[in-house]
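The data block below is structure_8.tsv; it holds TSV, C-alpha atoms.
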chain	number	residue	atom	x	y	z
F	1	MET	CA	131.79	-55.53	234.55
F	2	ALA	CA	128.61	-53.45	234.76
F	3	GLU	CA	127.53	-51.43	231.73
F	4	GLN	CA	127.41	-47.64	231.76
F	5	LEU	CA	124.36	-45.45	231.06
F	6	LYS	CA	125.37	-43.41	227.99
F	7	TYR	CA	124.16	-40.31	226.21
F	8	ILE	CA	123.38	-41.81	222.73
F	9	PHE	CA	121.53	-38.98	221.00
F	10	VAL	CA	122.90	-37.48	217.76
F	11	THR	CA	122.89	-33.74	217.71
F	12	GLY	CA	120.66	-32.35	214.93
F	13	SER	CA	118.74	-35.59	214.23
F	14	ASP	CA	117.49	-37.23	217.43
F	15	GLU	CA	117.65	-35.09	220.55
F	16	ILE	CA	115.49	-34.66	223.61
F	17	GLU	CA	113.85	-31.62	222.09
F	18	GLN	CA	110.39	-30.88	220.77
F	19	GLY	CA	110.06	-32.06	217.12
F	20	PHE	CA	112.77	-34.70	217.25
F	21	THR	CA	112.22	-38.48	217.14
F	22	ILE	CA	112.74	-40.66	220.28
F	23	ASN	CA	113.55	-44.26	219.35
F	24	SER	CA	113.34	-47.41	221.51
F	25	TRP	CA	117.08	-47.73	221.94
F	26	HIS	CA	117.14	-44.26	223.44
F	27	VAL	CA	115.23	-45.47	226.53
F	28	SER	CA	115.85	-49.23	226.63
F	29	GLN	CA	119.10	-48.92	228.59
F	30	SER	CA	117.34	-46.84	231.27
F	31	VAL	CA	114.55	-49.41	231.55
F	32	ASP	CA	117.07	-52.24	231.80
F	33	ALA	CA	119.10	-50.34	234.43
F	34	PHE	CA	116.22	-49.39	236.72
F	35	THR	CA	114.36	-52.73	236.41
F	36	GLY	CA	117.51	-54.70	237.08
F	37	ALA	CA	117.36	-56.51	233.74
F	38	LYS	CA	121.01	-55.65	233.24
F	39	ALA	CA	123.75	-54.39	235.55
F	40	TYR	CA	124.51	-50.71	235.05
F	41	ASP	CA	126.74	-48.30	236.98
F	42	ILE	CA	124.65	-45.21	237.71
F	43	ASN	CA	126.19	-41.90	238.79
F	44	ILE	CA	123.97	-39.29	240.44
F	45	SER	CA	125.10	-35.70	240.90
F	46	GLY	CA	123.31	-33.70	243.59
F	47	SER	CA	120.98	-34.86	246.36
F	48	LEU	CA	118.76	-37.94	246.25
F	49	ASP	CA	115.53	-38.24	248.21
F	50	ILE	CA	114.03	-41.71	248.62
F	51	THR	CA	110.62	-42.35	250.17
F	52	GLY	CA	109.85	-45.86	251.35
F	53	PRO	CA	111.98	-48.91	252.21
F	54	THR	CA	115.31	-49.24	250.42
F	55	SER	CA	117.27	-52.47	250.09
F	56	ILE	CA	120.90	-52.56	249.02
F	57	THR	CA	122.61	-55.74	247.84
F	58	GLY	CA	126.38	-55.48	247.83
F	59	SER	CA	128.68	-52.90	249.34
F	60	LEU	CA	127.77	-49.29	250.16
F	61	ASN	CA	130.72	-46.90	249.79
F	62	PHE	CA	130.85	-43.41	251.28
F	63	ILE	CA	133.23	-41.16	249.35
F	64	PRO	CA	134.27	-38.27	251.63
F	65	GLN	CA	134.67	-34.74	250.36
F	66	THR	CA	138.11	-34.66	251.97
F	67	ALA	CA	140.51	-37.55	252.40
F	68	ALA	CA	140.24	-37.70	256.21
F	69	THR	CA	136.50	-37.16	256.61
F	70	LEU	CA	135.53	-40.80	257.20
F	71	THR	CA	138.87	-42.52	257.65
F	72	ASP	CA	138.78	-45.07	260.50
F	73	ASN	CA	135.46	-43.84	261.87
F	74	LEU	CA	132.15	-45.52	262.50
F	75	ILE	CA	129.22	-44.03	260.51
F	76	LEU	CA	126.24	-43.17	262.72
F	77	VAL	CA	122.73	-41.95	261.85
F	78	ASP	CA	121.33	-38.96	263.74
F	79	GLN	CA	117.92	-40.21	264.87
F	80	THR	CA	116.51	-36.67	264.86
F	81	THR	CA	117.65	-35.45	261.43
F	82	GLY	CA	118.44	-38.74	259.71
F	83	VAL	CA	121.85	-37.37	258.71
F	84	PHE	CA	124.83	-39.69	258.52
F	85	LYS	CA	127.63	-38.68	260.92
F	86	THR	CA	131.05	-39.95	261.93
F	87	GLY	CA	131.25	-41.48	265.39
F	88	LEU	CA	133.78	-43.55	267.34
F	89	LYS	CA	137.21	-43.88	265.85
F	90	LEU	CA	137.97	-47.46	264.90
F	91	SER	CA	141.15	-49.35	264.19
F	92	GLN	CA	141.75	-51.00	260.84
F	93	ALA	CA	140.80	-54.29	262.46
F	94	THR	CA	137.33	-53.12	263.48
F	95	VAL	CA	134.79	-55.90	263.20
F	96	LEU	CA	131.09	-56.39	263.75
F	97	SER	CA	129.73	-59.44	265.48
F	98	ALA	CA	126.97	-61.58	264.00
F	99	SER	CA	124.45	-59.59	266.02
F	100	TYR	CA	125.76	-56.37	264.40
F	101	ALA	CA	127.29	-55.17	267.69
F	102	LEU	CA	130.68	-53.53	267.53
F	103	THR	CA	133.38	-55.74	269.03
F	104	SER	CA	134.46	-53.69	272.06
F	105	SER	CA	138.16	-54.49	271.95
F	106	TYR	CA	138.51	-52.60	268.66
F	107	ALA	CA	136.69	-49.37	269.61
F	108	ALA	CA	138.65	-46.43	271.00
F	109	LEU	CA	137.92	-42.97	272.37
F	110	VAL	CA	138.42	-40.10	269.93
F	111	GLN	CA	138.99	-37.56	272.74
F	112	THR	CA	140.36	-37.74	276.28
F	113	LEU	CA	137.59	-38.39	278.81
F	114	THR	CA	137.72	-37.16	282.44
F	115	SER	CA	135.06	-38.47	284.80
F	116	ASN	CA	133.22	-35.85	286.89
F	117	GLN	CA	131.43	-38.33	289.15
F	118	ASN	CA	131.81	-41.67	290.87
F	119	VAL	CA	130.23	-44.37	288.73
F	120	GLY	CA	130.79	-48.08	289.30
F	121	GLY	CA	134.52	-48.66	289.51
F	122	ILE	CA	135.29	-45.17	288.14
F	123	SER	CA	136.04	-42.30	290.53
F	124	SER	CA	135.59	-38.62	289.85
F	125	GLY	CA	138.78	-37.32	288.25
F	126	ASP	CA	139.75	-40.60	286.57
F	127	ILE	CA	141.12	-39.93	283.09
F	128	PHE	CA	140.75	-42.09	279.98
F	129	ALA	CA	143.17	-40.90	277.33
F	130	SER	CA	142.35	-40.53	273.66
F	131	GLY	CA	142.84	-43.90	272.03
F	132	SER	CA	141.80	-45.86	275.15
F	133	SER	CA	139.65	-48.84	274.27
F	134	ILE	CA	135.96	-48.89	275.04
F	135	GLU	CA	136.55	-52.28	276.64
F	136	ALA	CA	138.92	-50.69	279.15
F	137	LEU	CA	136.34	-48.00	279.97
F	138	LEU	CA	133.57	-50.57	280.42
F	139	ARG	CA	135.76	-52.75	282.61
F	140	ALA	CA	136.60	-49.75	284.80
F	141	LEU	CA	132.91	-48.80	284.96
F	142	LEU	CA	131.47	-52.24	285.65
F	143	ILE	CA	134.28	-53.94	287.57
F	144	SER	CA	135.61	-52.39	290.79
F	145	TYR	CA	139.35	-52.79	291.21
F	146	ILE	CA	140.25	-55.37	293.85
F	147	GLU	CA	143.70	-55.16	295.39
F	148	PRO	CA	146.07	-58.11	295.55
F	149	THR	CA	146.45	-59.62	299.01
F	150	ILE	CA	149.17	-61.20	301.11
F	151	SER	CA	148.63	-63.43	304.14
F	152	SER	CA	149.85	-66.33	306.28
F	153	LEU	CA	153.26	-64.98	307.27
F	154	VAL	CA	155.44	-67.67	308.84
F	155	ILE	CA	158.90	-67.21	310.37
F	156	ILE	CA	161.23	-70.14	309.76
F	157	LEU	CA	164.61	-71.53	310.84
F	158	ASN	CA	166.23	-73.97	308.40
F	159	GLY	CA	162.88	-75.13	307.02
F	160	SER	CA	161.07	-75.45	310.36
F	161	SER	CA	158.34	-73.00	311.34
F	162	ILE	CA	158.80	-71.04	314.56
F	163	SER	CA	155.85	-71.47	316.93
F	164	THR	CA	153.91	-68.32	317.80
F	165	ALA	CA	152.93	-69.75	321.22
F	166	THR	CA	153.55	-67.30	324.08
F	167	ARG	CA	157.09	-67.50	325.45
F	168	ASP	CA	158.71	-66.79	328.79
F	169	VAL	CA	160.73	-63.61	328.98
F	170	ASN	CA	164.28	-64.37	327.70
F	171	GLN	CA	163.10	-67.51	325.85
F	172	SER	CA	164.83	-66.46	322.64
F	173	PHE	CA	164.62	-68.02	319.16
F	174	THR	CA	166.56	-67.74	315.92
F	175	CYS	CA	165.24	-67.49	312.36
F	176	ASN	CA	166.58	-67.07	308.82
F	177	THR	CA	163.58	-67.34	306.45
F	178	SER	CA	160.10	-65.92	305.92
F	179	SER	CA	157.16	-67.40	304.05
F	180	PHE	CA	153.83	-65.87	302.99
F	181	SER	CA	151.04	-66.30	300.44
F	182	ALA	CA	149.85	-63.80	297.83
F	183	THR	CA	146.84	-63.43	295.52
F	184	VAL	CA	146.50	-61.41	292.29
F	185	ASP	CA	144.51	-58.23	291.87
F	186	SER	CA	141.33	-58.04	289.78
F	187	PRO	CA	140.70	-57.58	286.93
F	188	ASN	CA	144.38	-57.35	285.92
F	189	GLY	CA	145.60	-60.61	287.45
F	190	ASN	CA	148.88	-59.14	288.78
F	191	PHE	CA	150.69	-60.28	291.92
F	192	PRO	CA	151.98	-57.57	294.28
F	193	VAL	CA	155.60	-56.42	294.04
F	194	SER	CA	158.41	-54.92	296.18
F	195	ALA	CA	158.19	-57.27	299.16
F	196	SER	CA	160.02	-56.26	302.33
F	197	ILE	CA	159.88	-57.45	305.95
F	198	THR	CA	160.22	-55.49	309.20
F	199	SER	CA	160.67	-56.85	312.72
F	200	SER	CA	160.06	-54.65	315.75
F	201	GLY	CA	159.97	-55.04	319.52
F	202	ALA	CA	163.00	-57.31	319.92
F	203	ASP	CA	166.14	-56.44	321.86
F	204	ILE	CA	168.09	-56.13	318.58
F	205	GLY	CA	165.92	-53.19	317.58
F	206	THR	CA	163.87	-52.69	314.43
F	207	GLN	CA	165.13	-54.67	311.44
F	208	GLN	CA	164.02	-53.97	307.85
F	209	ILE	CA	164.97	-56.39	305.08
F	210	TYR	CA	164.18	-56.18	301.37
F	211	LEU	CA	162.94	-59.57	300.16
F	212	SER	CA	162.11	-59.45	296.43
F	213	ASN	CA	160.75	-57.26	293.64
F	214	THR	CA	158.35	-59.99	292.49
F	215	THR	CA	155.97	-62.35	294.29
F	216	SER	CA	153.89	-65.41	293.44
F	217	GLY	CA	151.20	-67.49	295.09
F	218	THR	CA	153.63	-69.00	297.61
F	219	ASN	CA	156.74	-67.08	298.62
F	220	VAL	CA	159.77	-68.22	300.61
F	221	PHE	CA	162.47	-65.58	301.05
F	222	PRO	CA	165.68	-65.65	303.13
F	223	LEU	CA	166.19	-62.98	305.76
F	224	GLY	CA	169.80	-62.48	304.75
F	225	SER	CA	171.27	-63.85	307.98
F	226	ILE	CA	170.28	-65.68	311.15
F	227	LEU	CA	168.40	-63.31	313.47
F	228	THR	CA	168.21	-63.84	317.23
F	229	ILE	CA	164.83	-62.66	318.52
F	230	ASN	CA	164.45	-62.06	322.23
F	231	ARG	CA	163.15	-59.91	325.05
F	232	ALA	CA	165.69	-60.68	327.73
F	233	SER	CA	164.32	-58.76	330.68
F	234	SER	CA	160.88	-57.30	329.96
F	235	ALA	CA	157.54	-58.56	328.80
F	236	GLY	CA	156.34	-57.47	325.37
F	237	THR	CA	155.67	-58.45	321.79
F	238	VAL	CA	157.92	-58.89	318.75
F	239	THR	CA	156.10	-58.39	315.45
F	240	PHE	CA	157.18	-59.33	311.92
F	241	THR	CA	155.38	-57.52	309.08
F	242	VAL	CA	155.69	-58.08	305.32
F	243	ASN	CA	154.71	-55.16	303.06
F	244	THR	CA	154.09	-55.21	299.29
F	245	LYS	CA	152.76	-52.82	296.64
F	246	SER	CA	150.11	-53.14	293.95
F	247	GLN	CA	151.36	-52.98	290.36
F	248	THR	CA	148.24	-51.02	289.36
F	249	THR	CA	147.71	-48.50	292.18
F	250	VAL	CA	149.69	-46.92	295.01
F	251	ASP	CA	148.00	-49.24	297.51
F	252	THR	CA	150.14	-51.34	299.84
F	253	GLN	CA	149.42	-54.72	301.39
F	254	SER	CA	150.66	-56.22	304.64
F	255	THR	CA	150.59	-59.39	306.71
F	256	SER	CA	151.99	-59.85	310.21
F	257	THR	CA	152.79	-62.43	312.83
F	258	SER	CA	153.69	-61.79	316.47
F	259	PHE	CA	155.61	-63.46	319.29
F	260	SER	CA	154.72	-62.59	322.90
F	261	PHE	CA	157.24	-62.77	325.76
F	262	LEU	CA	155.62	-62.76	329.24
F	263	TYR	CA	156.29	-63.41	332.90
F	264	ARG	CA	154.24	-66.00	334.77
F	265	ASN	CA	151.65	-65.93	337.52
F	266	TYR	CA	152.33	-68.66	340.10
F	267	LEU	CA	150.29	-70.66	342.60
F	268	ALA	CA	152.69	-72.37	345.02
F	269	ALA	CA	152.60	-74.48	348.16
F	270	SER	CA	155.60	-74.58	350.50
F	271	SER	CA	156.60	-74.80	354.11
F	272	THR	CA	159.20	-72.10	353.43
F	273	VAL	CA	158.28	-68.72	354.83
F	274	ILE	CA	159.16	-66.00	352.35
F	275	PHE	CA	160.97	-63.01	353.77
F	276	ASP	CA	163.63	-62.16	351.13
F	277	ASN	CA	164.61	-62.74	347.51
F	278	ALA	CA	166.28	-66.06	348.26
F	279	THR	CA	163.29	-67.59	350.06
F	280	ALA	CA	160.97	-66.29	347.34
F	281	GLN	CA	163.16	-67.90	344.68
F	282	SER	CA	163.19	-71.17	346.65
F	283	VAL	CA	159.38	-71.31	346.75
F	284	ILE	CA	159.18	-70.72	342.98
F	285	ASP	CA	161.86	-73.32	342.22
F	286	THR	CA	160.54	-76.10	344.48
F	287	GLY	CA	156.95	-75.32	345.40
F	288	THR	CA	155.15	-74.24	342.26
F	289	VAL	CA	151.77	-75.96	341.95
F	290	THR	CA	150.77	-74.34	338.66
F	291	SER	CA	151.73	-71.29	336.63
F	292	GLN	CA	150.45	-69.34	333.67
F	293	LEU	CA	152.00	-66.86	331.24
F	294	ASP	CA	149.81	-63.79	331.44
F	295	THR	CA	149.55	-60.07	330.89
F	296	ASN	CA	147.60	-59.24	334.07
F	297	ILE	CA	146.69	-60.35	337.55
F	298	SER	CA	143.49	-62.19	336.63
F	299	TRP	CA	143.65	-65.97	336.33
F	300	THR	CA	142.04	-69.12	337.74
F	301	PRO	CA	144.45	-71.74	339.13
F	302	THR	CA	143.39	-75.05	340.71
F	303	CYS	CA	144.79	-76.28	344.02
F	304	THR	CA	146.36	-79.73	344.50
F	305	SER	CA	147.15	-81.94	347.46
F	306	ALA	CA	150.23	-79.79	348.10
F	307	ASN	CA	147.91	-76.97	349.17
F	308	THR	CA	146.19	-79.30	351.64
F	309	ASN	CA	149.46	-80.38	353.29
F	310	VAL	CA	149.34	-79.00	356.83
F	311	SER	CA	153.00	-77.99	356.52
F	312	ASN	CA	152.53	-75.86	353.41
F	313	PHE	CA	151.40	-72.30	353.05
F	314	THR	CA	149.60	-71.41	349.82
F	315	TYR	CA	151.30	-68.60	347.86
F	316	ILE	CA	149.95	-66.37	345.11
F	317	ILE	CA	152.90	-64.81	343.25
F	318	TYR	CA	152.78	-62.54	340.19
F	319	PRO	CA	154.67	-59.59	338.59
F	320	ALA	CA	154.55	-56.62	340.96
F	321	THR	CA	153.66	-54.24	338.12
F	322	TYR	CA	150.13	-55.70	338.12
F	323	GLY	CA	149.35	-54.08	341.50
F	324	ASP	CA	147.54	-55.47	344.54
F	325	LEU	CA	144.95	-58.21	344.58
F	326	THR	CA	141.33	-57.08	344.84
F	327	SER	CA	139.61	-60.45	345.08
F	328	VAL	CA	140.21	-64.19	345.50
F	329	VAL	CA	137.02	-66.24	345.14
F	330	GLN	CA	137.05	-69.96	346.00
F	331	ASP	CA	134.93	-72.27	343.83
F	332	ASN	CA	132.92	-69.32	342.48
F	333	ALA	CA	131.28	-68.99	345.88
F	334	PHE	CA	133.43	-67.66	348.70
F	335	GLU	CA	135.56	-64.54	348.91
F	336	VAL	CA	138.80	-65.69	350.57
F	337	LEU	CA	141.10	-62.70	350.00
F	338	PRO	CA	141.08	-62.04	353.80
F	339	ALA	CA	142.66	-65.51	354.19
F	340	PHE	CA	145.86	-64.11	352.56
F	341	THR	CA	148.41	-61.52	353.62
F	342	LYS	CA	150.59	-59.51	351.28
F	343	ILE	CA	154.20	-60.28	352.21
F	344	GLY	CA	155.87	-57.84	349.81
F	345	ASP	CA	157.80	-57.60	346.53
F	346	PHE	CA	160.84	-59.76	345.80
F	347	ASN	CA	163.19	-60.27	342.85
F	348	ILE	CA	162.63	-63.70	341.33
F	349	THR	CA	164.37	-65.26	338.32
F	350	ASN	CA	162.37	-67.38	335.88
F	351	SER	CA	163.55	-70.63	334.29
F	352	PHE	CA	165.14	-68.65	331.41
F	353	SER	CA	167.27	-66.47	333.71
F	354	ALA	CA	165.12	-63.34	333.45
F	355	THR	CA	164.65	-61.47	336.74
F	356	THR	CA	161.90	-59.08	337.75
F	357	SER	CA	160.02	-57.97	340.85
F	358	PHE	CA	157.17	-60.25	341.95
F	359	ARG	CA	154.46	-59.54	344.52
F	360	VAL	CA	153.81	-62.28	347.06
F	361	TYR	CA	150.64	-63.14	348.99
F	362	GLN	CA	150.79	-65.91	351.62
F	363	SER	CA	147.86	-67.79	353.13
F	364	ASN	CA	147.41	-67.05	356.83
F	365	GLN	CA	147.19	-70.75	357.63
F	366	PRO	CA	148.99	-73.80	356.15
F	367	GLY	CA	146.95	-76.55	354.51
F	368	ALA	CA	144.26	-73.98	353.69
F	369	PHE	CA	142.79	-75.42	350.47
F	370	GLN	CA	141.52	-78.81	349.41
F	371	PRO	CA	142.63	-80.51	346.19
F	372	GLY	CA	140.53	-79.29	343.25
F	373	ALA	CA	139.64	-75.99	344.88
F	374	ILE	CA	139.47	-73.29	342.19
F	375	LEU	CA	140.71	-69.82	343.03
F	376	THR	CA	139.47	-66.98	340.83
F	377	ILE	CA	142.13	-64.32	341.32
F	378	SER	CA	141.82	-60.67	340.35
Let me see whether you can do it: turn the structure in this file into structure tokens.
Amino acid sequence: MAEQLKYIFVTGSDEIEQGFTINSWHVSQSVDAFTGAKAYDINISGSLDITGPTSITGSLNFIPQTAATLTDNLILVDQTTGVFKTGLKLSQATVLSASYALTSSYAALVQTLTSNQNVGGISSGDIFASGSSIEALLRALLISYIEPTISSLVIILNGSSISTATRDVNQSFTCNTSSFSATVDSPNGNFPVSASITSSGADIGTQQIYLSNTTSGTNVFPLGSILTINRASSAGTVTFTVNTKSQTTVDTQSTSTSFSFLYRNYLAASSTVIFDNATAQSVIDTGTVTSQLDTNISWTPTCTSANTNVSNFTYIIYPATYGDLTSVVQDNAFEVLPAFTKIGDFNITNSFSATTSFRVYQSNQPGAFQPGAILTIS
């Protein structure tokens, strides 16, 4: 316990007045106190000006004039006036690191802050409420928000993936499960939520199915029932799309996979002369040399020995909606379109029982092309 500086003069005999005696014990306690010979508690009333370096060993307590003046606030020094001021509000757990830097997770804003410009990851208008941590503000400033992602959608039937290879029109498939991958957002580390799937373009019309409120890295969700996906009579695309939402923003994420249904282009060789639907169907069923699922008239088939047979005409057959041929080039060298005649349009049924109108061109002469001859058709 430190000693107290005391007023030890006796009124009328030894006072600090002219004509009175000052003894050694009157000043010894002051000498001991200010030289550090003994520990004294010293109270100073009024202002104190100190010139030169000042070292303090032990704690330094600020006693506010009112109870709330310094409560839970950091004391700052005004570099212009040298006056001590209150600064950031701190929690009771506020700590300083060894380097005397305030630990950011314990500092909070005293007032609500609204940004008036785009800075780093902060956009103009973003609001940081009173009490928000400085760490949160710095993270928003220095780290741009990165959305979660979803990808790799796969449509499944009983555990087996459905191939996305192009299909013939009316080559239907069934499915009952979907699978996709997801990644977390940054810096929060949250997976997306509210997963749903939509299918469009199929004969059954648009289907929308809610999958789950939560997601993870790998997701496998049932579709609720077995769906039959088909385009029975027309070419087109069926698309499945999964949509999710970010937990942090209003942003949405999506991933899709598609299944194309097409009619074929045919190169045929046959002795049958096409003049109606039946003869056209016969050439397709028995005389096809090669075929290709396609969306237009342009393709490059290769002739075989069947096209060289002196009994066989060479036929170019494709969906009538593509229009007339404009060119047939043999072996990238010779224009041979004049060697063909357009016969007309005929209804032909593919191997999956889908029927549409096909346009037919017939070579003017049988046995017109050697094996290996390449026809560039457009």
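Proximity of F:Asn219, F:Ser199, F:Ser271, F:Asn277 to Phe358 of chain F, computed with only C-alpha atoms, is greatest for F:Asn277.
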>> Could you tell me how far atom CA of Thr149 of chain F sits from atom CA of Phe128 of chain F, in Å to one decimal place?
In response: 26.5 Å
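We find atom CA of Gly344 of chain F and atom CA of Val283 of chain F to be spaced 14.3 Å apart.
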>> With all atoms listed in the file as the counted atoms, please give the residues lying no more than 12 Å from Phe191 of chain F, apart from itself and same-chain residues fewer than 4 positions off, as a VMD selection string.
In response: chain F and resid 146 to 150 181 to 187 195 213 to 219 244 to 248 252 to 253
> At a cut-off of 8 Å from (163.5, -65.7, 321.1) in the coordinates of the file, what residues are picked up using all atoms listed in the file, written as a PyMOL selection string?
Replying inline: chain F and resi 167+170-174+228-231
Mind dumping the selected residues with C-alpha atoms as a PDB file, in the coordinates of the input?
ATOM      1  CA  ARG F 167     157.090 -67.500 325.450  1.00  0.00           C
ATOM      2  CA  ASN F 170     164.280 -64.370 327.700  1.00  0.00           C
ATOM      3  CA  GLN F 171     163.100 -67.510 325.850  1.00  0.00           C
ATOM      4  CA  SER F 172     164.830 -66.460 322.640  1.00  0.00           C
ATOM      5  CA  PHE F 173     164.620 -68.020 319.160  1.00  0.00           C
ATOM      6  CA  THR F 174     166.560 -67.740 315.920  1.00  0.00           C
ATOM      7  CA  THR F 228     168.210 -63.840 317.230  1.00  0.00           C
ATOM      8  CA  ILE F 229     164.830 -62.660 318.520  1.00  0.00           C
ATOM      9  CA  ASN F 230     164.450 -62.060 322.230  1.00  0.00           C
ATOM     10  CA  ARG F 231     163.150 -59.910 325.050  1.00  0.00           C
TER      11      ARG F 231
END
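Residue nearest Thr272 of chain F within the list F:Thr112, F:Ser200, F:Thr314, F:Ser160: F:Thr314 [criterion: smallest interatomic distance, all atoms listed in the file].
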> Taking into account all atoms listed in the file, which residue in the set F:Ser124, F:Thr81, F:Thr237, F:Thr300 is nearest to Leu262 of chain F?
Replying inline: F:Thr237
>> Which residues are close to Ser163 of chain F, i.e. within 10 Å by all atoms listed in the file, leaving aside same-chain residues fewer than 4 positions away? Reply as number ranges by chain.
In response: F: 154-156, 167, 173, 258-259
Residue rebuild result segment 343-350 of chain F, all heavy atoms as a compact mmCIF listing (two decimals), keeping the file's coordinate frame:
# COMPACT_ATOMS: atom_id res chain seq x y z
N ILE F 343 152.90 -60.23 351.56
CA ILE F 343 154.20 -60.28 352.21
C ILE F 343 155.10 -59.17 351.70
O ILE F 343 155.87 -58.57 352.46
CB ILE F 343 154.87 -61.65 351.99
CG1 ILE F 343 153.96 -62.78 352.50
CG2 ILE F 343 156.23 -61.71 352.67
CD1 ILE F 343 153.63 -62.68 353.97
N GLY F 344 155.03 -58.88 350.38
CA GLY F 344 155.87 -57.84 349.81
C GLY F 344 156.31 -58.17 348.40
O GLY F 344 155.81 -59.12 347.78
N ASP F 345 157.27 -57.41 347.89
CA ASP F 345 157.80 -57.60 346.53
C ASP F 345 159.23 -58.12 346.62
O ASP F 345 160.06 -57.59 347.40
CB ASP F 345 157.80 -56.28 345.76
CG ASP F 345 156.39 -55.74 345.53
OD1 ASP F 345 155.42 -56.52 345.69
OD2 ASP F 345 156.26 -54.55 345.20
N PHE F 346 159.53 -59.12 345.77
CA PHE F 346 160.84 -59.76 345.80
C PHE F 346 161.30 -60.04 344.37
O PHE F 346 160.49 -60.34 343.49
CB PHE F 346 160.78 -61.08 346.59
CG PHE F 346 160.26 -60.91 347.99
CD1 PHE F 346 158.90 -61.07 348.26
CD2 PHE F 346 161.11 -60.56 349.03
CE1 PHE F 346 158.41 -60.90 349.54
CE2 PHE F 346 160.62 -60.39 350.32
CZ PHE F 346 159.27 -60.56 350.58
N ASN F 347 162.62 -59.97 344.18
CA ASN F 347 163.19 -60.27 342.85
C ASN F 347 163.30 -61.78 342.67
O ASN F 347 163.94 -62.46 343.47
CB ASN F 347 164.56 -59.63 342.71
CG ASN F 347 164.49 -58.12 342.62
OD1 ASN F 347 163.49 -57.57 342.17
ND2 ASN F 347 165.53 -57.44 343.08
N ILE F 348 162.65 -62.26 341.62
CA ILE F 348 162.63 -63.70 341.33
C ILE F 348 163.08 -63.89 339.88
O ILE F 348 162.72 -63.13 338.99
CB ILE F 348 161.23 -64.28 341.54
CG1 ILE F 348 160.81 -64.14 343.01
CG2 ILE F 348 161.16 -65.74 341.09
CD1 ILE F 348 159.37 -64.56 343.28
N THR F 349 163.85 -64.94 339.65
CA THR F 349 164.37 -65.26 338.32
C THR F 349 163.61 -66.44 337.74
O THR F 349 163.45 -67.47 338.41
CB THR F 349 165.87 -65.59 338.38
OG1 THR F 349 166.58 -64.47 338.93
CG2 THR F 349 166.42 -65.90 336.99
N ASN F 350 163.12 -66.28 336.50
CA ASN F 350 162.37 -67.38 335.88
C ASN F 350 163.31 -68.46 335.35
O ASN F 350 164.54 -68.36 335.47
CB ASN F 350 161.43 -66.85 334.79
CG ASN F 350 162.16 -66.36 333.55
OD1 ASN F 350 163.38 -66.51 333.41
ND2 ASN F 350 161.42 -65.76 332.63
